[in-house]
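What follows is a single structure, written as structure tokens, with notes after it.
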Amino acid sequence: MILKTLKEYNRILLLPVIILCLSVVPVFAQSSLSIGVSPTFKTLKMQPGETYSDEIVFWNLSGESDTYDVHIKGFRQIENQPGTAVILTDEQEAEALYSASKWITVEKDVLTLEPSKNTKLRYTINVPTNVTDGEFNAEIFLISKTKGELEGSGTFANLAAGTPFLIQIGDEFIENAELLRFTSDKKTYERINVNFLTQLKNLGDTHITPVGEIVVENIFKQEVARIPFNRNKQSLLRDNIGNYTDNWSQSGYLSPSKVLSVGPMKAKLLVTYRSFQPGFAVLSSEASFWIIPWKIIIAILVILLTGIIVVVSKKKLQRRK
Amino acid sequence: MRSIKTLLKIGIPTLLIVIFASFFVHFSSQAATIAAVYVYMNRVQAGLSTGVEYTIAIRPVTAIPTGGSVTIVFPDAEDGAWCTTAGNLTATGVTSSTADQSSGNFKIASALPGTLSGTCTKGSGSGSADTITITGLTALTANTTYGVNIKGGTGVLGTSAGAGEREVTVSVFSGATMDSKTFKIYLISNDSVVVSATVSEAPTVNCTISANSVNLGTLYPGGAFAIGSHTISTSATNGYYWAAYGQGDGSNDAGLWKGTSVTKLIPSTGSTTVDLNPANAEGFGMVLTQPAGGSVVPANFNLNPASGVFGALDMKLAGARMIIYKTSGAGSAEVSTVTYGAKAGTGAPAGAYSETVTFVCGGYY
């Protein structure tokens, strides 16, 4: 009798276990990755034989600790984007003439970032005594170690970030640049939302931080806008090309100084890039485009046409009478 | 002589009657200990000459009739330290205080009733101590905890010098009915902690990936494309950028790689985009949403995943491609959704495929 009752209870107890087993899906471990870094770059002026030491602070705002491999390599810009950095591959590093990676040592090769905690990474830069004048670069770069397992097909994500260093050796540098292109992203616009595309090439032996203005004039040569060029002060590495995008947008067709911003427009770019006497090396170029508020123009034409038809029809009716 | 006799005749009996009657007089004063009392001071630093404020919770054991008063008597030897300047105080009934317990005798149940007025009197020599007096109370019920806040003007209420214990007596009374309690408060040499910090001038960037792995589920050879997503979020003082590259098979291209026999790469072919719509298409790519606030996603990655066209990835560090950037600061985290798309061709062998995408995040120099 007791055994019979127990067997009945067993069925009841087994039921949820069976349901749980049937509802099992492949385990898919996910965790977030987070890294913060300061400073985001460092520019140093050093002399042969000099030593410099400081620290970079990394932090992790996720709820779990993450482990990163520390890499020190020369870096390059990403897709002609000035101010960006990604470390060189081993092959590229072997051929890099201006890599300062061998000058830099860090206290750790692997860094574990605990949640909500600042982690300092101390580094030392030893400039060789026999180095030639010029600008060299390197980046202390962290790449997360891949973790987790996948059941089936999928992707893993790694996170990488670091601090690029621009190290100037010596006191005299050649600052030279060429303006390759200045144009608007379209030839005609209905609304004023113009992107000016500028391409510069750094021909000198140090990085440059070009600054300047884009002055927009209407057909009557009245100034309608003055836009800062490279507002974010993105630097361009030596032997590199940089694409800069500057936006001019305005809600109406009248400028803040009540100048009409419709019709054929001309934009003039003025760029300086030298740190010493920048006014002696100005790059300039012009671009033209149209602002045609065609919807408004069509609406006006329709109203005018309707008015003309109404007037003509009235006159015809009067003549008949 | 006669007058002396008369005086004795009247005086002696009167004196005897008074002495006799005095044995029958009942002293009606009702002094008891307060059931619960606390004094919460906004500052407990010794040697303050101004700015001290009290919140008192008091629970009489006997009912106090209308017209009563509350007094706080400070140590006799510290005249002029607690009442720095004698004068009027502001007394306000309160229904709660920071020092309240969640329940019980030490939780204020009611504001001290009445039209309250307070004064602070300085002690003068032995037998006269600094005293705070609150008058104008209406009737108090026994075993109810009443609260009152006492404030003084500038330079009125202070504390005596020297850290350590001080004995104070709190009384509540009306006529002959009085409850009181003496207890100690502790003054410390410094009750303030100065917290200082410097905000770094150095630019910063914060980069987060919501999930380090994304399951694309089961890909059916020649079937529809599958998608999976996570987010990336960024804040930066001076603009930011993200680039990405894959691993693929390590030698030919990025893409989903089956490393076990028979090996197979579902590649992320193409210089810009991978179209997974054609019947025999095979490939892997990703797209991103453009967050509000002026971030830019390059055109080949700024696509709707439902379209079946995805941005192509390249391989290893050398193939890092810009996927999103912003040339001005981002004070709060700007979030973009990364969606991966993959499709297996009819000849794809069965098995598990994976790709490791490395996201490079940085601030501009």
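Quick note on naming: the chains in the structure tokens go A, B, ... in the order shown, residues restart at 1 in each chain, and ligands are numbered from 1 in order of appearance.
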
message: Using only C-alpha atoms, which protein or nucleic acid residues come within 9 Å of Gly351 of chain B? Drop anything in the same chain fewer than 2 positions from it, and give the result as a list in words.
response: Gly152 and Ser153 of chain A; Lys258, Thr260, Val262, Ala348, Pro349 and Tyr353 of chain B

Contacts of chain B with chain A up to 7 Å, shortest pair per row, only C-alpha atoms, as JSON lines:
{"residue": "B:Ala202", "atom": "CA", "partner": "A:Pro39", "partner_atom": "CA", "distance": 5.1}
{"residue": "B:Pro203", "atom": "CA", "partner": "A:Pro39", "partner_atom": "CA", "distance": 5.3}
{"residue": "B:Thr204", "atom": "CA", "partner": "A:Ser38", "partner_atom": "CA", "distance": 4.6}
{"residue": "B:Val205", "atom": "CA", "partner": "A:Gly36", "partner_atom": "CA", "distance": 5.5}
{"residue": "B:Asn206", "atom": "CA", "partner": "A:Gly36", "partner_atom": "CA", "distance": 4.1}
{"residue": "B:Cys207", "atom": "CA", "partner": "A:Ile35", "partner_atom": "CA", "distance": 5.4}
{"residue": "B:Thr208", "atom": "CA", "partner": "A:Ser34", "partner_atom": "CA", "distance": 4.1}
{"residue": "B:Ile209", "atom": "CA", "partner": "A:Leu33", "partner_atom": "CA", "distance": 5.0}
{"residue": "B:Ser210", "atom": "CA", "partner": "A:Ser32", "partner_atom": "CA", "distance": 4.5}
{"residue": "B:Ala211", "atom": "CA", "partner": "A:Ser32", "partner_atom": "CA", "distance": 4.4}
{"residue": "B:Asn212", "atom": "CA", "partner": "A:Ala157", "partner_atom": "CA", "distance": 4.6}
{"residue": "B:Ser213", "atom": "CA", "partner": "A:Phe156", "partner_atom": "CA", "distance": 4.3}
{"residue": "B:Val214", "atom": "CA", "partner": "A:Thr155", "partner_atom": "CA", "distance": 5.2}
{"residue": "B:Asn215", "atom": "CA", "partner": "A:Gly154", "partner_atom": "CA", "distance": 4.4}
{"residue": "B:Leu216", "atom": "CA", "partner": "A:Gly154", "partner_atom": "CA", "distance": 4.7}
{"residue": "B:Gly217", "atom": "CA", "partner": "A:Ser153", "partner_atom": "CA", "distance": 6.0}
{"residue": "B:Thr218", "atom": "CA", "partner": "A:Ser153", "partner_atom": "CA", "distance": 6.6}
{"residue": "B:Leu317", "atom": "CA", "partner": "A:Thr89", "partner_atom": "CA", "distance": 6.1}
{"residue": "B:Ala318", "atom": "CA", "partner": "A:Thr89", "partner_atom": "CA", "distance": 6.4}
{"residue": "B:Ala320", "atom": "CA", "partner": "A:Ile78", "partner_atom": "CA", "distance": 6.9}
{"residue": "B:Arg321", "atom": "CA", "partner": "A:Ile78", "partner_atom": "CA", "distance": 6.7}
{"residue": "B:Met322", "atom": "CA", "partner": "A:Ile78", "partner_atom": "CA", "distance": 6.7}
{"residue": "B:Thr327", "atom": "CA", "partner": "A:Asn232", "partner_atom": "CA", "distance": 5.8}
{"residue": "B:Ser328", "atom": "CA", "partner": "A:Asn232", "partner_atom": "CA", "distance": 6.1}
{"residue": "B:Ala352", "atom": "CA", "partner": "A:Gly152", "partner_atom": "CA", "distance": 4.8}
{"residue": "B:Tyr353", "atom": "CA", "partner": "A:Ser153", "partner_atom": "CA", "distance": 4.5}
{"residue": "B:Ser354", "atom": "CA", "partner": "A:Gly154", "partner_atom": "CA", "distance": 5.0}
{"residue": "B:Glu355", "atom": "CA", "partner": "A:Thr155", "partner_atom": "CA", "distance": 4.7}
{"residue": "B:Thr356", "atom": "CA", "partner": "A:Phe156", "partner_atom": "CA", "distance": 4.4}
{"residue": "B:Val357", "atom": "CA", "partner": "A:Ala157", "partner_atom": "CA", "distance": 4.9}
{"residue": "B:Thr358", "atom": "CA", "partner": "A:Asn158", "partner_atom": "CA", "distance": 4.4}
{"residue": "B:Phe359", "atom": "CA", "partner": "A:Leu159", "partner_atom": "CA", "distance": 4.9}
{"residue": "B:Val360", "atom": "CA", "partner": "A:Ala160", "partner_atom": "CA", "distance": 4.6}
{"residue": "B:Cys361", "atom": "CA", "partner": "A:Ala161", "partner_atom": "CA", "distance": 5.2}
{"residue": "B:Gly362", "atom": "CA", "partner": "A:Ala161", "partner_atom": "CA", "distance": 5.8}
{"residue": "B:Gly363", "atom": "CA", "partner": "A:Thr40", "partner_atom": "CA", "distance": 5.4}
{"residue": "B:Tyr364", "atom": "CA", "partner": "A:Gly83", "partner_atom": "CA", "distance": 4.6}
{"residue": "B:Tyr365", "atom": "CA", "partner": "A:Gly83", "partner_atom": "CA", "distance": 4.7}

message: Taking the DSSP secondary structure from the backbone, can you list the residues of segment 108-266 of chain A that are strand (DSSP E), as a PyMOL selection string?
response: chain A and resi 110-113+118-126+134-144+153-169+177-184+188-189+192-202+211-217+223-229+241-250+263-266

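Between atom CA of Met178 of chain B and atom CA of Cys83 of chain B there is a distance of 23.6 Å.
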
- prompt: By how many Å are atom CA of Ser99 of chain A and atom CA of Lys326 of chain B apart?
  reply: 27.2 Å

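Excluding Ile150 of chain B itself and same-chain residues fewer than 5 positions from it, the residues having an atom within 7 Å of it are Glu53, Tyr54, Thr55, Leu89, Thr90, Ala91 and Thr92 of chain B, counting only C-alpha atoms.
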
Atoms kept (N, CA and C atoms) for selection, written as a PDB file, in the first residue's frame:
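The result, written out as selection.pdb:
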ATOM      1  N   GLU B  53      21.821  72.620  16.147  1.00  0.00           N
ATOM      2  CA  GLU B  53      20.372  72.467  16.037  1.00  0.00           C
ATOM      3  C   GLU B  53      19.994  71.137  16.700  1.00  0.00           C
ATOM      4  N   TYR B  54      18.899  71.126  17.437  1.00  0.00           N
ATOM      5  CA  TYR B  54      18.489  69.914  18.154  1.00  0.00           C
ATOM      6  C   TYR B  54      17.159  69.417  17.625  1.00  0.00           C
ATOM      7  N   THR B  55      17.048  68.103  17.556  1.00  0.00           N
ATOM      8  CA  THR B  55      15.730  67.482  17.377  1.00  0.00           C
ATOM      9  C   THR B  55      15.566  66.535  18.558  1.00  0.00           C
ATOM     10  N   LEU B  89      14.575  81.176  20.728  1.00  0.00           N
ATOM     11  CA  LEU B  89      14.846  80.079  19.797  1.00  0.00           C
ATOM     12  C   LEU B  89      13.588  79.801  18.988  1.00  0.00           C
ATOM     13  N   THR B  90      13.788  79.104  17.882  1.00  0.00           N
ATOM     14  CA  THR B  90      12.637  78.674  17.091  1.00  0.00           C
ATOM     15  C   THR B  90      12.370  77.212  17.409  1.00  0.00           C
ATOM     16  N   ALA B  91      11.203  76.930  17.957  1.00  0.00           N
ATOM     17  CA  ALA B  91      10.836  75.547  18.294  1.00  0.00           C
ATOM     18  C   ALA B  91       9.671  75.130  17.416  1.00  0.00           C
ATOM     19  N   THR B  92       9.849  74.048  16.702  1.00  0.00           N
ATOM     20  CA  THR B  92       8.830  73.573  15.765  1.00  0.00           C
ATOM     21  C   THR B  92       8.574  72.089  16.001  1.00  0.00           C
TER      22      THR B  92
END

- request: Counting only C-alpha atoms, figure out which residue out of A:Val216, A:Leu180, A:Ile309, A:Ile56 gets nearest to Lys120 of chain A.
  value: A:Ile56

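Compared by their closest atoms to Asp133 of chain A, and using only C-alpha atoms, the residues A:Ser116, A:Thr272, A:Asn176, A:Thr206 rank with A:Thr206 nearest.
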